[in-house]
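Text of the file protein-v2.cif, holding mmCIF, C-alpha atoms and all ligand atoms:
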data_start
loop_
_atom_site.label_atom_id
_atom_site.label_comp_id
_atom_site.auth_asym_id
_atom_site.auth_seq_id
_atom_site.Cartn_x
_atom_site.Cartn_y
_atom_site.Cartn_z
CA MET Q 1 0.00 0.00 0.00
CA GLN Q 2 1.20 3.45 -0.91
CA VAL Q 3 0.37 6.93 0.40
CA LEU Q 4 0.95 10.05 -1.68
CA LEU Q 5 2.11 13.04 0.36
CA ILE Q 6 1.88 16.33 -1.52
CA ASN Q 7 4.21 19.05 -0.28
CA GLY Q 8 2.39 22.27 -1.16
CA SER Q 9 5.16 24.58 0.04
CA PRO Q 10 7.39 26.51 -2.35
CA HIS Q 11 10.27 25.23 -0.17
CA LYS Q 12 11.18 21.66 -1.03
CA TYR Q 13 12.85 20.94 2.30
CA GLY Q 14 11.14 23.50 4.56
CA SER Q 15 8.85 23.18 7.56
CA THR Q 16 6.05 21.45 5.67
CA TYR Q 17 8.52 18.84 4.43
CA ARG Q 18 9.69 18.29 8.02
CA ALA Q 19 6.10 17.61 9.13
CA LEU Q 20 5.39 15.34 6.14
CA SER Q 21 8.60 13.38 6.65
CA GLU Q 22 7.47 12.57 10.19
CA VAL Q 23 4.28 11.12 8.67
CA ALA Q 24 6.29 9.22 6.02
CA ARG Q 25 8.70 7.78 8.60
CA GLN Q 26 5.86 6.49 10.78
CA LEU Q 27 4.03 5.06 7.76
CA GLU Q 28 7.19 3.14 6.92
CA ALA Q 29 7.29 1.81 10.50
CA GLU Q 30 3.74 0.56 9.89
CA SER Q 31 4.84 -1.15 6.61
CA ILE Q 32 3.08 1.40 4.40
CA GLY Q 33 5.03 2.91 1.49
CA SER Q 34 4.93 6.61 0.71
CA GLU Q 35 6.17 9.26 -1.67
CA ILE Q 36 6.56 12.98 -0.95
CA PHE Q 37 5.76 14.95 -4.11
CA HIS Q 38 6.86 18.60 -4.14
CA ILE Q 39 4.68 20.94 -6.23
CA GLY Q 40 7.63 23.29 -6.80
CA SER Q 41 7.81 27.06 -6.70
CA ASP Q 42 6.82 27.89 -10.27
CA PRO Q 43 3.40 29.51 -10.82
CA ILE Q 44 0.38 27.19 -10.91
CA ARG Q 45 -2.55 28.65 -12.78
CA ASP Q 46 -6.14 28.70 -11.54
CA CYS Q 47 -8.91 26.52 -12.91
CA THR Q 48 -10.46 28.43 -15.81
CA GLY Q 49 -13.72 26.45 -15.61
CA CYS Q 50 -13.40 25.33 -19.25
CA PHE Q 51 -14.72 21.82 -18.44
CA GLY Q 52 -12.10 20.37 -20.84
CA CYS Q 53 -11.24 17.76 -18.22
CA GLU Q 54 -14.76 16.34 -18.43
CA GLU Q 55 -13.72 14.57 -21.67
CA THR Q 56 -10.18 13.49 -20.88
CA GLY Q 57 -9.94 13.22 -17.11
CA TYR Q 58 -6.92 15.53 -17.22
CA CYS Q 59 -6.46 19.28 -17.05
CA VAL Q 60 -6.09 20.98 -20.43
CA PHE Q 61 -3.04 22.84 -19.10
CA ASP Q 62 -0.10 20.45 -18.97
CA ASP Q 63 2.74 22.78 -18.05
CA ASP Q 64 2.63 22.37 -14.27
CA PRO Q 65 2.39 19.45 -11.80
CA VAL Q 66 -1.43 19.12 -11.79
CA ASN Q 67 -1.72 16.19 -14.22
CA THR Q 68 1.17 14.40 -12.51
CA CYS Q 69 -0.65 14.77 -9.18
CA ILE Q 70 -3.83 13.37 -10.76
CA ASP Q 71 -1.97 10.27 -11.91
CA LEU Q 72 -0.15 9.84 -8.60
CA ALA Q 73 -3.38 10.20 -6.59
CA ARG Q 74 -5.20 7.71 -8.82
CA LYS Q 75 -2.47 5.15 -8.15
CA ALA Q 76 -2.13 5.85 -4.42
CA ASP Q 77 -4.19 4.17 -1.70
CA GLY Q 78 -4.17 7.23 0.57
CA LEU Q 79 -3.44 10.94 0.33
CA VAL Q 80 -1.87 13.52 2.64
CA VAL Q 81 -1.75 17.16 1.55
CA GLY Q 82 0.72 19.38 3.38
CA CYS Q 83 0.86 23.16 3.19
CA PRO Q 84 2.33 26.22 4.89
CA VAL Q 85 -0.22 28.67 6.28
CA TYR Q 86 -0.38 31.95 4.36
CA TYR Q 87 -2.72 34.54 5.88
CA ALA Q 88 -4.66 31.86 7.73
CA GLY Q 89 -5.24 29.76 4.61
CA PRO Q 90 -3.41 27.32 2.36
CA THR Q 91 -1.14 28.89 -0.28
CA ALA Q 92 -2.78 30.15 -3.47
CA SER Q 93 -0.63 27.79 -5.57
CA LEU Q 94 -1.73 24.71 -3.67
CA CYS Q 95 -5.41 25.73 -3.86
CA ALA Q 96 -5.02 26.25 -7.63
CA LEU Q 97 -3.44 22.81 -7.93
CA LEU Q 98 -6.11 21.11 -5.82
CA ASP Q 99 -8.98 22.89 -7.61
CA ARG Q 100 -7.76 21.48 -10.91
CA MET Q 101 -6.79 18.11 -9.47
CA PHE Q 102 -10.21 17.54 -7.89
CA PHE Q 103 -12.68 19.31 -10.21
CA LEU Q 104 -14.69 16.64 -12.13
CA LYS Q 105 -12.03 14.05 -11.27
CA SER Q 106 -12.71 13.15 -7.68
CA THR Q 107 -14.60 9.90 -8.38
CA ALA Q 108 -11.19 8.25 -8.79
CA TYR Q 109 -10.21 9.32 -5.28
CA ALA Q 110 -13.38 8.10 -3.52
CA TYR Q 111 -12.82 5.92 -0.44
CA LYS Q 112 -9.10 6.69 -0.32
CA PRO Q 113 -8.29 7.91 3.19
CA ALA Q 114 -7.02 11.47 3.20
CA ALA Q 115 -5.64 14.06 5.57
CA ALA Q 116 -4.41 17.64 5.53
CA VAL Q 117 -1.29 18.79 7.35
CA VAL Q 118 -0.48 22.45 7.87
CA ASN Q 119 2.51 24.31 9.24
CA CYS Q 120 2.57 27.87 10.48
CA ARG Q 121 4.77 30.12 12.54
CA ARG Q 122 2.01 31.11 14.95
CA GLY Q 123 -1.66 31.38 13.86
CA GLY Q 124 -4.25 30.45 11.25
CA ALA Q 125 -3.51 26.72 11.22
CA SER Q 126 -7.03 25.54 11.93
CA ALA Q 127 -8.60 27.78 9.23
CA ALA Q 128 -6.12 26.48 6.64
CA PHE Q 129 -6.70 22.91 7.84
CA ASP Q 130 -10.49 23.32 7.45
CA ARG Q 131 -10.11 24.68 3.93
CA LEU Q 132 -7.99 21.72 2.80
CA ASN Q 133 -10.37 19.18 4.33
CA LYS Q 134 -13.12 20.54 2.07
CA TYR Q 135 -11.50 18.80 -0.93
CA PHE Q 136 -11.78 15.42 0.79
CA THR Q 137 -15.22 15.75 2.30
CA ILE Q 138 -16.80 16.61 -1.09
CA SER Q 139 -15.06 13.60 -2.67
CA ASN Q 140 -16.21 10.66 -0.51
CA MET Q 141 -12.73 10.42 1.00
CA PRO Q 142 -12.64 9.26 4.62
CA VAL Q 143 -10.74 11.92 6.58
CA VAL Q 144 -8.09 10.43 8.84
CA PRO Q 145 -7.99 11.92 12.33
CA SER Q 146 -5.18 12.40 14.82
CA GLN Q 147 -4.98 13.33 18.50
CA TYR Q 148 -5.21 17.05 17.61
CA TRP Q 149 -5.77 19.07 14.42
CA ASN Q 150 -2.88 18.28 12.11
CA ALA Q 151 -0.55 21.23 12.55
CA THR Q 152 3.09 21.78 13.31
CA HIS Q 153 4.50 25.15 14.30
CA GLY Q 154 7.72 26.81 13.23
CA LEU Q 155 9.12 29.32 10.79
CA ASN Q 156 11.69 26.80 9.58
CA PRO Q 157 12.43 23.07 9.96
CA GLU Q 158 14.69 23.69 12.97
CA GLU Q 159 11.80 25.30 14.85
CA VAL Q 160 9.41 22.51 13.78
CA GLU Q 161 11.92 20.06 15.28
CA GLN Q 162 11.21 21.67 18.66
CA ASP Q 163 7.43 21.25 18.29
CA LEU Q 164 7.39 17.84 19.93
CA GLU Q 165 3.61 17.78 20.26
CA GLY Q 166 3.11 18.72 16.61
CA LEU Q 167 5.46 15.94 15.51
CA GLN Q 168 3.61 13.48 17.73
CA VAL Q 169 0.35 14.56 16.06
CA MET Q 170 2.01 13.67 12.71
CA ARG Q 171 3.00 10.21 13.96
CA THR Q 172 -0.48 9.54 15.34
CA LEU Q 173 -1.95 10.62 12.01
CA ALA Q 174 0.34 8.15 10.21
CA ARG Q 175 -0.63 5.32 12.58
CA ASN Q 176 -4.32 6.07 12.04
CA MET Q 177 -3.83 6.25 8.27
CA ALA Q 178 -2.03 2.87 8.31
CA TRP Q 179 -4.77 1.34 10.48
CA LEU Q 180 -7.54 2.60 8.20
CA LEU Q 181 -5.75 1.44 5.04
CA LYS Q 182 -5.29 -2.03 6.54
CA CYS Q 183 -8.96 -2.15 7.63
CA ILE Q 184 -10.10 -1.21 4.12
CA ASP Q 185 -7.80 -3.82 2.62
CA VAL Q 186 -9.09 -6.60 4.90
CA ALA Q 187 -12.73 -5.58 4.30
CA ARG Q 188 -12.37 -5.31 0.51
CA GLU Q 189 -13.95 -8.72 -0.24
CA ARG Q 190 -16.69 -8.70 2.39
CA VAL Q 191 -17.72 -5.04 2.57
CA PRO Q 192 -17.91 -3.50 -0.92
CA PHE Q 193 -17.65 0.25 -1.30
CA PRO Q 194 -21.08 1.95 -1.25
CA GLU Q 195 -22.99 2.08 -4.56
CA PRO Q 196 -23.56 5.75 -5.38
CA GLU Q 197 -27.02 6.97 -6.34
CA PRO Q 198 -27.40 8.67 -9.73
CA ARG Q 199 -26.15 12.18 -9.07
CA LEU Q 200 -28.78 14.88 -8.41
CA ARG Q 201 -27.96 18.51 -9.05
CA THR Q 202 -30.33 21.09 -7.65
CA ASN Q 203 -29.17 24.48 -8.79
CA PHE Q 204 -31.96 26.29 -6.96
CA ILE Q 205 -33.75 27.06 -10.24
CA ARG Q 206 -37.56 27.00 -9.91
C1 LIG I 1 3.00 35.17 2.49
C2 LIG I 1 3.14 34.50 3.83
C3 LIG I 1 2.07 34.50 4.70
C4 LIG I 1 2.17 33.88 5.94
N1 LIG I 1 1.08 33.87 6.77
C5 LIG I 1 1.19 33.26 7.98
C6 LIG I 1 0.06 33.19 8.85
O1 LIG I 1 -1.04 33.62 8.54
N2 LIG I 1 0.25 32.61 10.06
C7 LIG I 1 1.45 32.11 10.46
O2 LIG I 1 1.55 31.63 11.56
N3 LIG I 1 2.52 32.10 9.63
C8 LIG I 1 2.41 32.66 8.40
N4 LIG I 1 3.49 32.65 7.55
C9 LIG I 1 4.68 31.86 7.93
C10 LIG I 1 4.62 30.49 7.25
O3 LIG I 1 3.43 29.81 7.56
C11 LIG I 1 5.79 29.61 7.62
O4 LIG I 1 6.95 30.31 7.32
C12 LIG I 1 5.68 28.36 6.78
O5 LIG I 1 4.82 27.47 7.41
C13 LIG I 1 6.98 27.72 6.49
O6 LIG I 1 6.70 26.50 5.78
P1 LIG I 1 7.63 26.03 4.56
O7 LIG I 1 9.04 26.11 5.05
O8 LIG I 1 7.21 24.64 4.28
O9 LIG I 1 7.37 26.95 3.41
C14 LIG I 1 3.39 33.25 6.32
C15 LIG I 1 4.48 33.26 5.42
C16 LIG I 1 4.35 33.86 4.19
C17 LIG I 1 5.53 33.82 3.23
#
Would you encode the structure as structure tokens?
Amino acid sequence: MQVLLINGSPHKYGSTYRALSEVARQLEAESIGSEIFHIGSDPIRDCTGCFGCEETGYCVFDDDPVNTCIDLARKADGLVVGCPVYYAGPTASLCALLDRMFFLKSTAYAYKPAAAVVNCRRGGASAAFDRLNKYFTISNMPVVPSQYWNATHGLNPEEVEQDLEGLQVMRTLARNMAWLLKCIDVARERVPFPEPEPRLRTNFIR
């Protein structure tokens, strides 16, 4: 089993990476593989709402990591999205990536356990965390809990290293992710995934 960890920071080896590597290390201890994918620091454009992906399952813009993330998430059994907190939210680049990665494509991610991880110097972690969880809870993805909301604190990896409680929250998250993945795997034969109803769309037009 394999978990995809997306590092949504512009810094490849910054604080977010430190938090995600704690998750990855604990997943490994639980015999679950993982990969940390860095979205880079180049611009990531917004979704233009062209609906081009409805036909192909991929974004029409192929010059940034969005389509790679789509493929990696389709292959993975679980997903963790990590992000620094910018003005009490996730970064604009990561939101642009996730908008295009999830829009009209989330059926492929259904029933894959998911979690958000945020890092901030001081405040806004829980607002950013809530925003990221919205992608999972609209996509039938079971959200993996921990012993606290998944945040580490620090301006840089050295400061995160001192956030012993935050790092413990990351390890608990990884243990819970491993447990849920193993439960789903064992149940696969006997408890099929729920059959969805035909989709209703009520656009409040009377
Ligand atoms: C534009 C910007 C906005 C930020 N806003 C916040 C904030 O609202 N709250 C906070 O505690 N830290 C804030 N920070 C600090 C970052 O959250 C912190 O440096 C970051 O988590 C480092 O993660 P990284 O090394 O993975 O990029 C901000 C940093 C930048 C560059």
Need the shell around segment 190-203 of chain Q: protein/DNA/RNA residues with any atom at most 9 Å away, counting only C-alpha atoms. Skip same-chain ones fewer than 4 positions apart. Format as a list in words? Tyr111, Ile184 and Val186 of chain Q
All residues within 6 Å of ligand LIG 1 (chain I) are required, counting only C-alpha atoms and all ligand atoms; please report them as a list in words. Ser9, Pro10, His11, Gly14, Ser15, Thr16, Tyr17, Pro84, Val85, Tyr86, Tyr87, Ala88, Asn119, Cys120, Arg121, Arg122, Gly123, Gly124, Leu155 and Asn156 of chain Q
Work out how far atom CA of Thr91 of chain Q is from atom CA of Ile44 of chain Q, in Å to one decimal.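 It comes out at 10.9 Å.
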Pairwise distance for atom CA of Gly8 of chain Q and atom CA of Cys83 of chain Q, rounded to one decimal in Å: 4.7 Å
Hey, what's within 12 Å of Gln162 of chain Q if we count all atoms listed in the file and toss same-chain stuff fewer than 4 positions away? As a ChimeraX atom specification, please? /Q:15,18-19,152-158,166-168
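For the atom pair formed by atom CA of Leu4 of chain Q and atom CA of Met101 of chain Q, the distance is 13.6 Å, given to one decimal.
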Would you list the contacts of Glu28 of chain Q as an NGL selection string, taking every protein, DNA or RNA residue within 12 Å and counting only C-alpha atoms, but skipping same-chain residues closer than 2 positions in sequence? :Q and (1-3 or 21-26 or 30-35 or 171 or 174-175 or 177-178)
Can you write just those residues out, C-alpha atoms, as a PDB file, keeping the file's coordinate frame?
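What ended up in again_8.pdb:
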ATOM      1  CA  MET Q   1       0.000   0.000   0.000  1.00  0.00           C
ATOM      2  CA  GLN Q   2       1.200   3.450  -0.910  1.00  0.00           C
ATOM      3  CA  VAL Q   3       0.370   6.930   0.400  1.00  0.00           C
ATOM      4  CA  SER Q  21       8.600  13.380   6.650  1.00  0.00           C
ATOM      5  CA  GLU Q  22       7.470  12.570  10.190  1.00  0.00           C
ATOM      6  CA  VAL Q  23       4.280  11.120   8.670  1.00  0.00           C
ATOM      7  CA  ALA Q  24       6.290   9.220   6.020  1.00  0.00           C
ATOM      8  CA  ARG Q  25       8.700   7.780   8.600  1.00  0.00           C
ATOM      9  CA  GLN Q  26       5.860   6.490  10.780  1.00  0.00           C
ATOM     10  CA  GLU Q  30       3.740   0.560   9.890  1.00  0.00           C
ATOM     11  CA  SER Q  31       4.840  -1.150   6.610  1.00  0.00           C
ATOM     12  CA  ILE Q  32       3.080   1.400   4.400  1.00  0.00           C
ATOM     13  CA  GLY Q  33       5.030   2.910   1.490  1.00  0.00           C
ATOM     14  CA  SER Q  34       4.930   6.610   0.710  1.00  0.00           C
ATOM     15  CA  GLU Q  35       6.170   9.260  -1.670  1.00  0.00           C
ATOM     16  CA  ARG Q 171       3.000  10.210  13.960  1.00  0.00           C
ATOM     17  CA  ALA Q 174       0.340   8.150  10.210  1.00  0.00           C
ATOM     18  CA  ARG Q 175      -0.630   5.320  12.580  1.00  0.00           C
ATOM     19  CA  MET Q 177      -3.830   6.250   8.270  1.00  0.00           C
ATOM     20  CA  ALA Q 178      -2.030   2.870   8.310  1.00  0.00           C
TER      21      ALA Q 178
END
Hey, which of Q:Leu97, Q:Trp149, Q:Asp77, Q:Glu159 ends up closest to Val118 of chain Q? Count only C-alpha atoms.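 Of Q:Leu97, Q:Trp149, Q:Asp77, Q:Glu159, the one nearest Val118 of chain Q is Q:Trp149, counting only C-alpha atoms.
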Quick one: everything within 6 Å of Val80 of chain Q, counting all atoms listed in the file, minus sequence neighbours fewer than 5 positions away in the same chain. Send it as a PyMOL selection string. chain Q and resi 5+114-116
Could you take the residues named above and write them with C-alpha atoms, as a PDB file, in the frame of the given file?
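That gives us part-v6.pdb:
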ATOM      1  CA  LEU Q   5       2.110  13.040   0.360  1.00  0.00           C
ATOM      2  CA  ALA Q 114      -7.020  11.470   3.200  1.00  0.00           C
ATOM      3  CA  ALA Q 115      -5.640  14.060   5.570  1.00  0.00           C
ATOM      4  CA  ALA Q 116      -4.410  17.640   5.530  1.00  0.00           C
TER       5      ALA Q 116
END
Near segment 47-55 of chain Q, counting only C-alpha atoms, which residues have an atom at most 8 Å away, once you skip same-chain residues fewer than 3 positions from it, shown as an NGL selection string? :Q and (58-60 or 96 or 99-100 or 104-105)
Could you please give me, as a PyMOL selection string, the residues of protein, DNA or RNA lying at most 9 Å from (-0.1, 15.8, -8.6) in the coordinate frame of the file, considering all atoms listed in the file? chain Q and resi 6+37-39+65-73+97-98+101
Next, dump the selected residues to file, keeping only C-alpha atoms, as a PDB file, in the frame of the given file.
ATOM      1  CA  ILE Q   6       1.880  16.330  -1.520  1.00  0.00           C
ATOM      2  CA  PHE Q  37       5.760  14.950  -4.110  1.00  0.00           C
ATOM      3  CA  HIS Q  38       6.860  18.600  -4.140  1.00  0.00           C
ATOM      4  CA  ILE Q  39       4.680  20.940  -6.230  1.00  0.00           C
ATOM      5  CA  PRO Q  65       2.390  19.450 -11.800  1.00  0.00           C
ATOM      6  CA  VAL Q  66      -1.430  19.120 -11.790  1.00  0.00           C
ATOM      7  CA  ASN Q  67      -1.720  16.190 -14.220  1.00  0.00           C
ATOM      8  CA  THR Q  68       1.170  14.400 -12.510  1.00  0.00           C
ATOM      9  CA  CYS Q  69      -0.650  14.770  -9.180  1.00  0.00           C
ATOM     10  CA  ILE Q  70      -3.830  13.370 -10.760  1.00  0.00           C
ATOM     11  CA  ASP Q  71      -1.970  10.270 -11.910  1.00  0.00           C
ATOM     12  CA  LEU Q  72      -0.150   9.840  -8.600  1.00  0.00           C
ATOM     13  CA  ALA Q  73      -3.380  10.200  -6.590  1.00  0.00           C
ATOM     14  CA  LEU Q  97      -3.440  22.810  -7.930  1.00  0.00           C
ATOM     15  CA  LEU Q  98      -6.110  21.110  -5.820  1.00  0.00           C
ATOM     16  CA  MET Q 101      -6.790  18.110  -9.470  1.00  0.00           C
TER      17      MET Q 101
END
Just need the box for segment 172-183 of chain Q, edges along x, y and z, holding every atom the file lists for it with 5 Å tacked onto each side, so centre and edge lengths in Å to one decimal, as lines of an AutoDock Vina configuration file.
center_x = -4.3
center_y = 4.2
center_z = 10.2
size_x = 19.3
size_y = 22.8
size_z = 20.3
Looking at all atoms listed in the file, which of Q:Ser146, Q:Asn140, Q:Asn7, Q:Thr107 is the one that sits closest to Thr172 of chain Q?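 Once distances to Thr172 of chain Q are computed over all atoms listed in the file, the minimum belongs to Q:Ser146.
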Pick from Q:Pro142, Q:Asp163, Q:Ala151, Q:Asp64 nearest to Phe129 of chain Q, counting only C-alpha atoms: Q:Ala151
Nearest to Ala92 of chain Q, chosen from Q:Ala128, Q:Ala108, Q:Met141, Q:Ala76, with only C-alpha atoms counted in the distances: Q:Ala128
